$ cat entry.txt   # compact mmCIF, C-alpha atoms
# COMPACT_ATOMS: atom_id res chain seq x y z
CA ALA E 1 -90.36 24.35 -181.44
CA MET E 2 -91.27 20.70 -181.88
CA LEU E 3 -94.74 21.32 -180.44
CA PRO E 4 -96.04 24.54 -182.05
CA HIS E 5 -99.13 26.50 -181.00
CA ALA E 6 -101.06 24.63 -183.71
CA GLY E 7 -100.79 21.47 -181.60
CA THR E 8 -100.24 17.83 -182.44
CA GLU E 9 -102.12 17.98 -185.74
CA SER E 10 -99.62 20.42 -187.22
CA ARG E 11 -97.25 19.46 -190.01
CA ILE E 12 -94.18 20.10 -187.84
CA TRP E 13 -95.41 17.80 -185.06
CA GLN E 14 -96.25 15.04 -187.49
CA GLU E 15 -92.83 15.32 -189.14
CA VAL E 16 -91.11 15.06 -185.77
CA VAL E 17 -93.14 11.96 -184.89
CA ARG E 18 -92.33 10.44 -188.28
CA LEU E 19 -88.63 11.19 -187.75
CA GLY E 20 -88.71 9.30 -184.46
CA GLN E 21 -90.31 6.33 -186.20
CA ASP E 22 -87.70 6.44 -188.96
CA LEU E 23 -84.86 6.51 -186.44
CA GLY E 24 -86.32 3.44 -184.78
CA ALA E 25 -86.43 1.66 -188.14
CA LEU E 26 -82.76 2.52 -188.68
CA ALA E 27 -81.62 1.06 -185.35
CA PRO E 28 -79.80 -1.86 -187.10
CA LEU E 29 -77.33 0.66 -188.53
CA ARG E 30 -75.70 1.14 -185.14
CA GLY E 31 -72.05 0.16 -185.42
CA SER E 32 -71.94 0.40 -189.23
CA ARG E 33 -69.31 2.55 -190.95
CA VAL E 34 -69.35 4.70 -194.07
CA VAL E 35 -67.62 3.12 -197.06
CA ALA E 36 -65.55 5.96 -198.57
CA ASP E 37 -64.18 5.94 -202.11
CA ILE E 38 -61.51 8.56 -201.49
CA ALA E 39 -59.80 10.51 -198.73
CA LEU E 40 -59.23 14.26 -198.98
CA LEU E 41 -56.29 15.34 -196.84
CA TRP E 42 -56.67 18.47 -194.75
CA ASP E 43 -54.46 20.06 -192.10
CA TRP E 44 -55.59 23.25 -190.37
CA GLN E 45 -52.02 24.23 -189.52
CA SER E 46 -51.06 24.09 -193.19
CA TRP E 47 -54.01 26.32 -194.10
CA TRP E 48 -53.07 28.82 -191.41
CA ALA E 49 -49.45 28.82 -192.60
CA GLN E 50 -50.41 29.41 -196.22
CA ARG E 51 -52.59 32.36 -195.25
CA GLN E 52 -49.61 34.26 -193.86
CA GLU E 53 -48.16 37.17 -195.85
CA TRP E 54 -45.41 36.98 -198.45
CA ARG E 55 -46.71 33.97 -200.38
CA PRO E 56 -46.29 34.00 -204.19
CA SER E 57 -50.04 34.58 -204.71
CA ALA E 58 -52.68 35.88 -202.34
CA ASP E 59 -55.32 34.39 -204.66
CA LEU E 60 -54.26 30.78 -204.11
CA ASP E 61 -56.44 29.72 -201.19
CA ALA E 62 -56.21 26.24 -199.66
CA ARG E 63 -59.80 26.30 -198.43
CA GLU E 64 -61.08 27.15 -201.92
CA ARG E 65 -59.08 24.28 -203.44
CA ALA E 66 -60.34 21.83 -200.82
CA GLU E 67 -63.94 22.86 -201.50
CA ALA E 68 -63.40 22.66 -205.28
CA TRP E 69 -61.97 19.13 -205.12
CA TYR E 70 -64.72 18.04 -202.72
CA ALA E 71 -67.40 19.48 -205.04
CA ALA E 72 -65.86 17.57 -207.96
CA ALA E 73 -65.90 14.34 -205.95
CA PHE E 74 -69.51 14.97 -204.89
CA ASP E 75 -70.62 15.59 -208.48
CA LEU E 76 -69.02 12.30 -209.51
CA HIS E 77 -70.86 10.52 -206.65
CA LEU E 78 -67.59 9.67 -204.90
CA THR E 79 -67.99 9.38 -201.13
CA ALA E 80 -65.15 11.29 -199.50
CA ASP E 81 -63.62 11.17 -196.04
CA PHE E 82 -61.43 13.98 -194.74
CA ALA E 83 -58.22 12.67 -193.20
CA HIS E 84 -55.05 14.04 -191.62
CA PRO E 85 -51.86 13.67 -193.70
CA GLU E 86 -50.31 11.46 -191.02
CA ALA E 87 -53.35 9.16 -190.68
CA ASP E 88 -53.47 5.54 -191.81
CA LEU E 89 -54.54 5.77 -195.47
CA SER E 90 -54.16 2.12 -196.39
CA GLY E 91 -57.94 1.57 -196.57
CA TYR E 92 -58.46 4.16 -199.32
CA PRO E 93 -57.90 3.25 -202.98
CA LEU E 94 -57.62 6.96 -203.86
CA VAL E 95 -56.22 9.88 -201.85
CA VAL E 96 -56.43 13.54 -202.91
CA VAL E 97 -54.27 16.36 -201.56
CA PRO E 98 -56.23 19.54 -202.47
CA ALA E 99 -53.62 21.86 -200.92
CA LEU E 100 -50.96 21.04 -198.35
CA TYR E 101 -48.40 23.86 -198.32
CA SER E 102 -47.01 22.69 -194.96
CA MET E 103 -46.10 19.02 -194.59
CA THR E 104 -44.14 17.17 -191.93
CA GLU E 105 -41.53 14.53 -192.70
CA THR E 106 -43.88 12.01 -191.09
CA ALA E 107 -46.65 12.96 -193.51
CA SER E 108 -44.23 12.80 -196.44
CA ALA E 109 -43.13 9.28 -195.48
CA ASN E 110 -46.76 8.31 -194.95
CA LEU E 111 -47.75 9.35 -198.48
CA ARG E 112 -44.76 7.61 -200.01
CA ARG E 113 -45.64 4.43 -198.13
CA TYR E 114 -49.24 4.76 -199.32
CA VAL E 115 -48.26 5.02 -203.00
CA GLU E 116 -45.60 2.30 -202.85
CA GLY E 117 -48.20 0.02 -201.26
CA GLY E 118 -50.53 0.38 -204.24
CA GLY E 119 -52.48 3.57 -203.58
CA VAL E 120 -53.29 6.26 -206.13
CA LEU E 121 -52.39 9.76 -204.94
CA VAL E 122 -53.52 13.05 -206.54
CA VAL E 123 -51.68 16.19 -205.41
CA SER E 124 -52.66 19.77 -206.21
CA CYS E 125 -50.21 22.63 -206.70
CA PHE E 126 -48.10 24.38 -204.03
CA SER E 127 -48.05 21.36 -201.72
CA GLY E 128 -45.15 19.97 -199.69
CA ILE E 129 -43.27 23.27 -199.66
CA VAL E 130 -42.46 23.82 -195.96
CA ASP E 131 -42.28 21.81 -192.73
CA GLU E 132 -44.30 22.38 -189.56
CA HIS E 133 -42.00 25.30 -188.62
CA ASP E 134 -42.68 27.07 -191.95
CA THR E 135 -39.12 26.23 -193.03
CA ILE E 136 -38.54 25.32 -196.68
CA HIS E 137 -37.76 21.64 -197.16
CA SER E 138 -34.20 21.17 -198.44
CA GLY E 139 -33.57 20.87 -202.16
CA PRO E 140 -35.87 21.78 -205.05
CA HIS E 141 -39.61 22.20 -204.58
CA PRO E 142 -41.79 20.40 -203.61
CA GLY E 143 -39.33 19.07 -201.04
CA ALA E 144 -41.71 16.86 -199.05
CA LEU E 145 -43.27 15.34 -202.18
CA ARG E 146 -40.50 15.57 -204.78
CA ASP E 147 -39.60 11.87 -204.82
CA VAL E 148 -43.21 10.66 -204.63
CA LEU E 149 -44.27 12.88 -207.54
CA GLY E 150 -41.13 12.23 -209.60
CA LEU E 151 -40.59 15.88 -210.51
CA THR E 152 -39.22 19.21 -209.39
CA VAL E 153 -40.83 22.64 -209.56
CA GLU E 154 -38.25 25.02 -210.94
CA GLU E 155 -40.36 28.14 -210.66
CA PHE E 156 -43.75 29.27 -209.35
CA THR E 157 -45.53 31.33 -212.02
CA PRO E 158 -48.72 32.75 -210.50
CA LEU E 159 -51.27 34.20 -212.90
CA ARG E 160 -52.77 37.67 -212.90
CA ALA E 161 -56.38 38.22 -211.89
CA GLY E 162 -58.63 37.02 -214.69
CA GLU E 163 -55.77 35.32 -216.58
CA GLN E 164 -56.20 31.71 -217.69
CA VAL E 165 -53.89 29.06 -219.12
CA ARG E 166 -54.95 26.43 -221.64
CA LEU E 167 -53.94 22.77 -221.58
CA ASP E 168 -53.55 20.54 -224.62
CA SER E 169 -56.54 18.54 -223.36
CA GLY E 170 -58.79 21.55 -223.92
CA LEU E 171 -59.03 22.21 -220.17
CA THR E 172 -58.18 25.52 -218.52
CA GLY E 173 -56.60 26.67 -215.27
CA ASP E 174 -56.34 29.97 -213.46
CA VAL E 175 -54.66 31.66 -210.45
CA TRP E 176 -51.52 29.51 -210.56
CA SER E 177 -49.06 27.66 -212.82
CA GLU E 178 -45.58 26.22 -212.41
CA VAL E 179 -42.46 25.38 -214.37
CA VAL E 180 -42.31 21.61 -213.82
CA ARG E 181 -39.28 19.45 -214.65
CA LEU E 182 -39.83 15.70 -214.89
CA ARG E 183 -37.66 13.41 -212.75
CA GLY E 184 -39.34 10.09 -213.46
CA ALA E 185 -42.92 11.28 -213.91
CA VAL E 186 -44.55 11.42 -217.34
CA PRO E 187 -46.72 14.25 -218.70
CA VAL E 188 -50.45 13.64 -218.91
CA TRP E 189 -51.41 17.12 -220.17
CA SER E 190 -49.19 20.12 -220.95
CA TYR E 191 -49.60 23.88 -221.05
CA VAL E 192 -50.44 25.37 -224.45
CA ASP E 193 -49.85 28.96 -223.38
CA GLY E 194 -48.96 31.06 -220.36
CA PRO E 195 -45.68 31.32 -218.43
CA ALA E 196 -45.04 27.54 -218.64
CA ALA E 197 -46.14 27.00 -222.27
CA GLY E 198 -44.98 23.65 -223.65
CA LEU E 199 -44.20 22.22 -220.20
CA PRO E 200 -46.13 19.60 -218.19
CA ALA E 201 -49.26 20.78 -216.38
CA VAL E 202 -50.55 17.42 -215.09
CA THR E 203 -48.20 14.50 -214.51
CA ARG E 204 -48.24 10.89 -213.36
CA HIS E 205 -45.46 9.00 -211.57
CA ALA E 206 -45.46 5.23 -211.15
CA LEU E 207 -43.91 4.32 -207.79
CA GLY E 208 -43.88 0.86 -206.26
CA ARG E 209 -47.31 -0.69 -206.77
CA GLY E 210 -49.10 2.68 -207.01
CA SER E 211 -48.93 6.06 -208.70
CA ALA E 212 -48.86 9.76 -207.86
CA TRP E 213 -50.54 12.42 -210.00
CA TYR E 214 -49.64 16.12 -209.85
CA VAL E 215 -51.79 19.06 -210.93
CA SER E 216 -49.70 22.24 -211.20
CA THR E 217 -52.52 24.73 -211.83
CA CYS E 218 -55.98 25.49 -210.46
CA LEU E 219 -58.12 23.53 -212.86
CA ALA E 220 -61.73 24.49 -213.47
CA ALA E 221 -64.48 22.09 -212.45
CA ASP E 222 -64.35 20.08 -215.69
CA GLY E 223 -60.60 19.66 -215.24
CA LEU E 224 -60.97 18.39 -211.70
CA ASP E 225 -63.61 15.95 -212.97
CA ALA E 226 -61.25 14.72 -215.70
CA VAL E 227 -58.41 14.11 -213.24
CA LEU E 228 -60.68 12.30 -210.78
CA VAL E 229 -62.18 10.13 -213.52
CA ALA E 230 -58.72 9.07 -214.73
CA ALA E 231 -57.34 8.52 -211.24
CA SER E 232 -60.48 6.61 -210.16
CA ALA E 233 -60.12 4.24 -213.09
CA GLU E 234 -56.53 3.57 -212.12
CA ALA E 235 -57.53 3.05 -208.49
CA GLU E 236 -60.31 0.70 -209.62
CA VAL E 237 -62.95 2.91 -208.04
CA THR E 238 -66.22 2.40 -209.92
CA LEU E 239 -68.03 5.63 -210.73
CA ARG E 240 -71.79 5.40 -210.29
CA ASP E 241 -73.94 6.33 -213.27
CA LEU E 242 -76.43 8.47 -211.35
CA PRO E 243 -78.27 11.76 -211.93
CA ARG E 244 -76.19 14.76 -210.89
CA ASP E 245 -78.24 15.77 -207.83
CA VAL E 246 -78.84 12.32 -206.39
CA GLU E 247 -76.65 11.68 -203.36
CA VAL E 248 -75.66 8.11 -202.51
CA VAL E 249 -73.63 6.88 -199.53
CA GLU E 250 -73.03 3.29 -198.43
CA ARG E 251 -72.41 1.99 -194.92
CA GLU E 252 -70.91 -1.38 -194.04
CA GLY E 253 -72.35 -3.35 -191.11
CA SER E 254 -71.87 -6.78 -189.64
CA ALA E 255 -75.02 -8.10 -191.36
CA GLY E 256 -74.58 -6.38 -194.74
CA ARG E 257 -74.58 -3.05 -196.52
CA TYR E 258 -76.88 -0.05 -196.21
CA LEU E 259 -77.41 2.23 -199.20
CA PHE E 260 -78.52 5.79 -198.37
CA ALA E 261 -80.05 7.67 -201.30
CA ILE E 262 -81.22 11.30 -201.26
CA ASN E 263 -82.94 12.90 -204.24
CA HIS E 264 -82.19 16.62 -204.46
CA ASN E 265 -83.92 16.78 -207.85
CA GLY E 266 -87.49 17.81 -208.56
CA GLU E 267 -88.22 14.64 -210.49
CA THR E 268 -88.55 10.97 -209.52
CA GLU E 269 -85.37 9.00 -210.15
CA LEU E 270 -84.63 5.27 -210.47
CA LEU E 271 -81.50 3.85 -208.84
CA PRO E 272 -80.07 0.35 -209.24
CA ALA E 273 -80.52 -1.45 -205.90
CA THR E 274 -81.66 -4.73 -204.43
CA GLY E 275 -82.73 -5.47 -200.88
CA THR E 276 -85.20 -4.13 -198.32
CA GLU E 277 -86.01 -0.45 -197.95
CA LEU E 278 -85.95 0.16 -194.20
CA LEU E 279 -88.14 3.28 -193.99
CA THR E 280 -91.09 1.82 -195.94
CA GLY E 281 -90.47 -1.90 -195.54
CA ASP E 282 -90.76 -2.35 -199.31
CA ARG E 283 -88.81 -4.97 -201.21
CA VAL E 284 -86.42 -3.46 -203.78
CA ASP E 285 -85.73 -5.77 -206.68
CA GLY E 286 -83.34 -4.19 -209.17
CA HIS E 287 -84.47 -0.56 -209.05
CA LEU E 288 -85.21 1.85 -206.22
CA VAL E 289 -87.89 4.47 -206.88
CA LEU E 290 -86.70 7.77 -205.41
CA PRO E 291 -89.38 10.54 -205.39
CA PRO E 292 -88.38 14.24 -205.36
CA GLY E 293 -86.80 15.20 -202.04
CA ALA E 294 -87.04 11.64 -200.74
CA VAL E 295 -84.60 9.74 -198.55
CA ARG E 296 -84.41 5.95 -198.83
CA VAL E 297 -82.23 3.36 -197.06
CA VAL E 298 -81.83 -0.04 -198.71
CA PHE E 299 -80.38 -2.96 -196.75
CA THR E 300 -78.63 -5.72 -198.65
CA PRO E 301 -77.60 -8.69 -196.49
CA ARG E 302 -74.28 -10.43 -196.88
CA PRO E 303 -74.45 -13.43 -199.21
CA ASP E 304 -73.43 -15.78 -196.40
CA SER E 305 -75.91 -14.40 -193.84
$ encode --input "entry.txt" --output "structure tokens"
Amino acid sequence: AMLPHAGTESRIWQEVVRLGQDLGALAPLRGSRVVADIALLWDWQSWWAQRQEWRPSADLDARERAEAWYAAAFDLHLTADFAHPEADLSGYPLVVVPALYSMTETASANLRRYVEGGGVLVVSCFSGIVDEHDTIHSGPHPGALRDVLGLTVEEFTPLRAGEQVRLDSGLTGDVWSEVVRLRGAVPVWSYVDGPAAGLPAVTRHALGRGSAWYVSTCLAADGLDAVLVAASAEAEVTLRDLPRDVEVVEREGSAGRYLFAINHNGETELLPATGTELLTGDRVDGHLVLPPGAVRVVFTPRPDS
């Protein structure tokens, strides 16, 4: 309850009152929008379809891959939107497909248009296999993404429980691997061992003004980080040099930008920022002091305002 038996001098009551004051101070944010660095594509129908029986591996779970890619983006301080595969993606410099077993022709054309227009696309394994009726796309796998990725998948080679494959980059994957044949793409990293030893594991395909990356195994967290770092550089997405457990999100408004910072650490952190902190009214000139557990919102007006 907001008003406990202890009355209005209780900690809970005071926190509720303070929250109301903070919300009033944040009133200028109305109408602003989150500035996302990347879009993660998700389709519930595809997840449901992949969970049906008779798939090559019961251990390859679309939800797990989506959460793993999101966690990697979060750890790199990349703000992520979730978007439908048929949505307008033109505003995102980087788009990640964590798992999209089922893909419509409309979604396929949408992703091709995105890459040709200058976007950077990262696709994880076992994507683009069937249409919305769970019918295999014609031709070699991955039918819906074959031309965008510049490759074909000759064979799915799922891994046994506990089995790992090593890449020549020193990274490892588990659960899944594939026999990939290049059709315009170039290898970034290759398998050192496992069923596809010597063949490409991660590839890149230049198409139009953009590029499409393919990851044919379930990379561990450091591997996902490595792919996102490389793809972000290509997409000209600047990675923030921040402590691991400091969360930062920006919003764009008509008057300027709002920087939200949350410190999940137990120590005070310093963040580069300039402007006015809305919750305290303090001027921030170069560095924002962020105490443990604190939330701060820094407003930076537009140069012309």
$ closest_residue --input "entry.txt" --among "E:Asp147, E:Glu132, E:Asp37, E:Glu67" --to "Pro93 (chain E)" --atoms "only C-alpha atoms"
E:Asp37
$ closest_residue --input "entry.txt" --among "E:Val97, E:Ala255, E:Ala80, E:Leu219" --to "Leu111 (chain E)" --atoms "all atoms listed in the file"
E:Val97
$ residues_around --input "entry.txt" --residues "His84 (chain E)" --least-positions-apart "3" --cutoff "7 Å" --atoms "only C-alpha atoms" --output "PyMOL selection string"
chain E and resi 41-43+87
$ closest_residue --input "entry.txt" --among "E:Ile38, E:Ala66, E:Val130, E:Val246" --to "Ser90 (chain E)" --atoms "all atoms listed in the file"
E:Ile38
$ atom_distance --input "entry.txt" --atom1 "CA of Arg30 (chain E)" --atom2 "CA of Thr300 (chain E)"
15.4 Å
$ atom_distance --input "entry.txt" --atom1 "CA of Arg181 (chain E)" --atom2 "CA of Pro200 (chain E)"
7.7 Å
$ closest_residue --input "entry.txt" --among "E:Phe126, E:Val35, E:Glu155, E:Glu116" --to "Asp81 (chain E)" --atoms "all atoms listed in the file"
E:Val35
$ atom_distance --input "entry.txt" --atom1 "CA of Gly208 (chain E)" --atom2 "CA of Tyr70 (chain E)"
27.2 Å
$ closest_residue --input "entry.txt" --among "E:Val180, E:Leu279, E:Ala185, E:Leu167" --to "Leu207 (chain E)" --atoms "only C-alpha atoms"
E:Ala185
$ residues_near_point --input "entry.txt" --point "(-58.0, 30.0, -210.8)" --cutoff "10 Å" --atoms "all atoms listed in the file" --output "list in words"
Asp59, Leu60, Asp61, Glu64, Arg65, Pro158, Leu159, Arg160, Ala161, Gly162, Glu163, Gln164, Val165, Thr172, Gly173, Asp174, Val175, Trp176, Ser177, Thr217, Cys218, Leu219 and Ala220 of chain E
$ closest_residue --input "entry.txt" --among "E:Trp69, E:Trp13, E:Trp47, E:Phe74" --to "Arg240 (chain E)" --atoms "only C-alpha atoms"
E:Phe74
$ residues_around --input "entry.txt" --residues "Leu288 (chain E)" --least-positions-apart "2" --cutoff "7 Å" --atoms "only C-alpha atoms" --output "short mmCIF file (atom, residue, chain, number, x, y, z; two decimals) with C-alpha atoms, keeping the file's coordinate frame"
data_model
loop_
_atom_site.label_atom_id
_atom_site.label_comp_id
_atom_site.auth_asym_id
_atom_site.auth_seq_id
_atom_site.Cartn_x
_atom_site.Cartn_y
_atom_site.Cartn_z
CA LEU E 270 -84.63 5.27 -210.47
CA LEU E 271 -81.50 3.85 -208.84
CA PRO E 272 -80.07 0.35 -209.24
CA ALA E 273 -80.52 -1.45 -205.90
CA VAL E 284 -86.42 -3.46 -203.78
CA GLY E 286 -83.34 -4.19 -209.17
CA LEU E 290 -86.70 7.77 -205.41
#
$ axis_aligned_box --input "entry.txt" --around "region 27-43 of chain E" --padding-each-side "3 Å" --output "lines of an AutoDock Vina configuration file"
center_x = -68.0
center_y = 9.1
center_z = -193.6
size_x = 33.2
size_y = 27.9
size_z = 23.0
$ residues_around --input "entry.txt" --residues "Arg204 (chain E)" --least-positions-apart "4" --cutoff "8 Å" --atoms "only C-alpha atoms" --output "PyMOL selection string"
chain E and resi 149+185-188+211-214
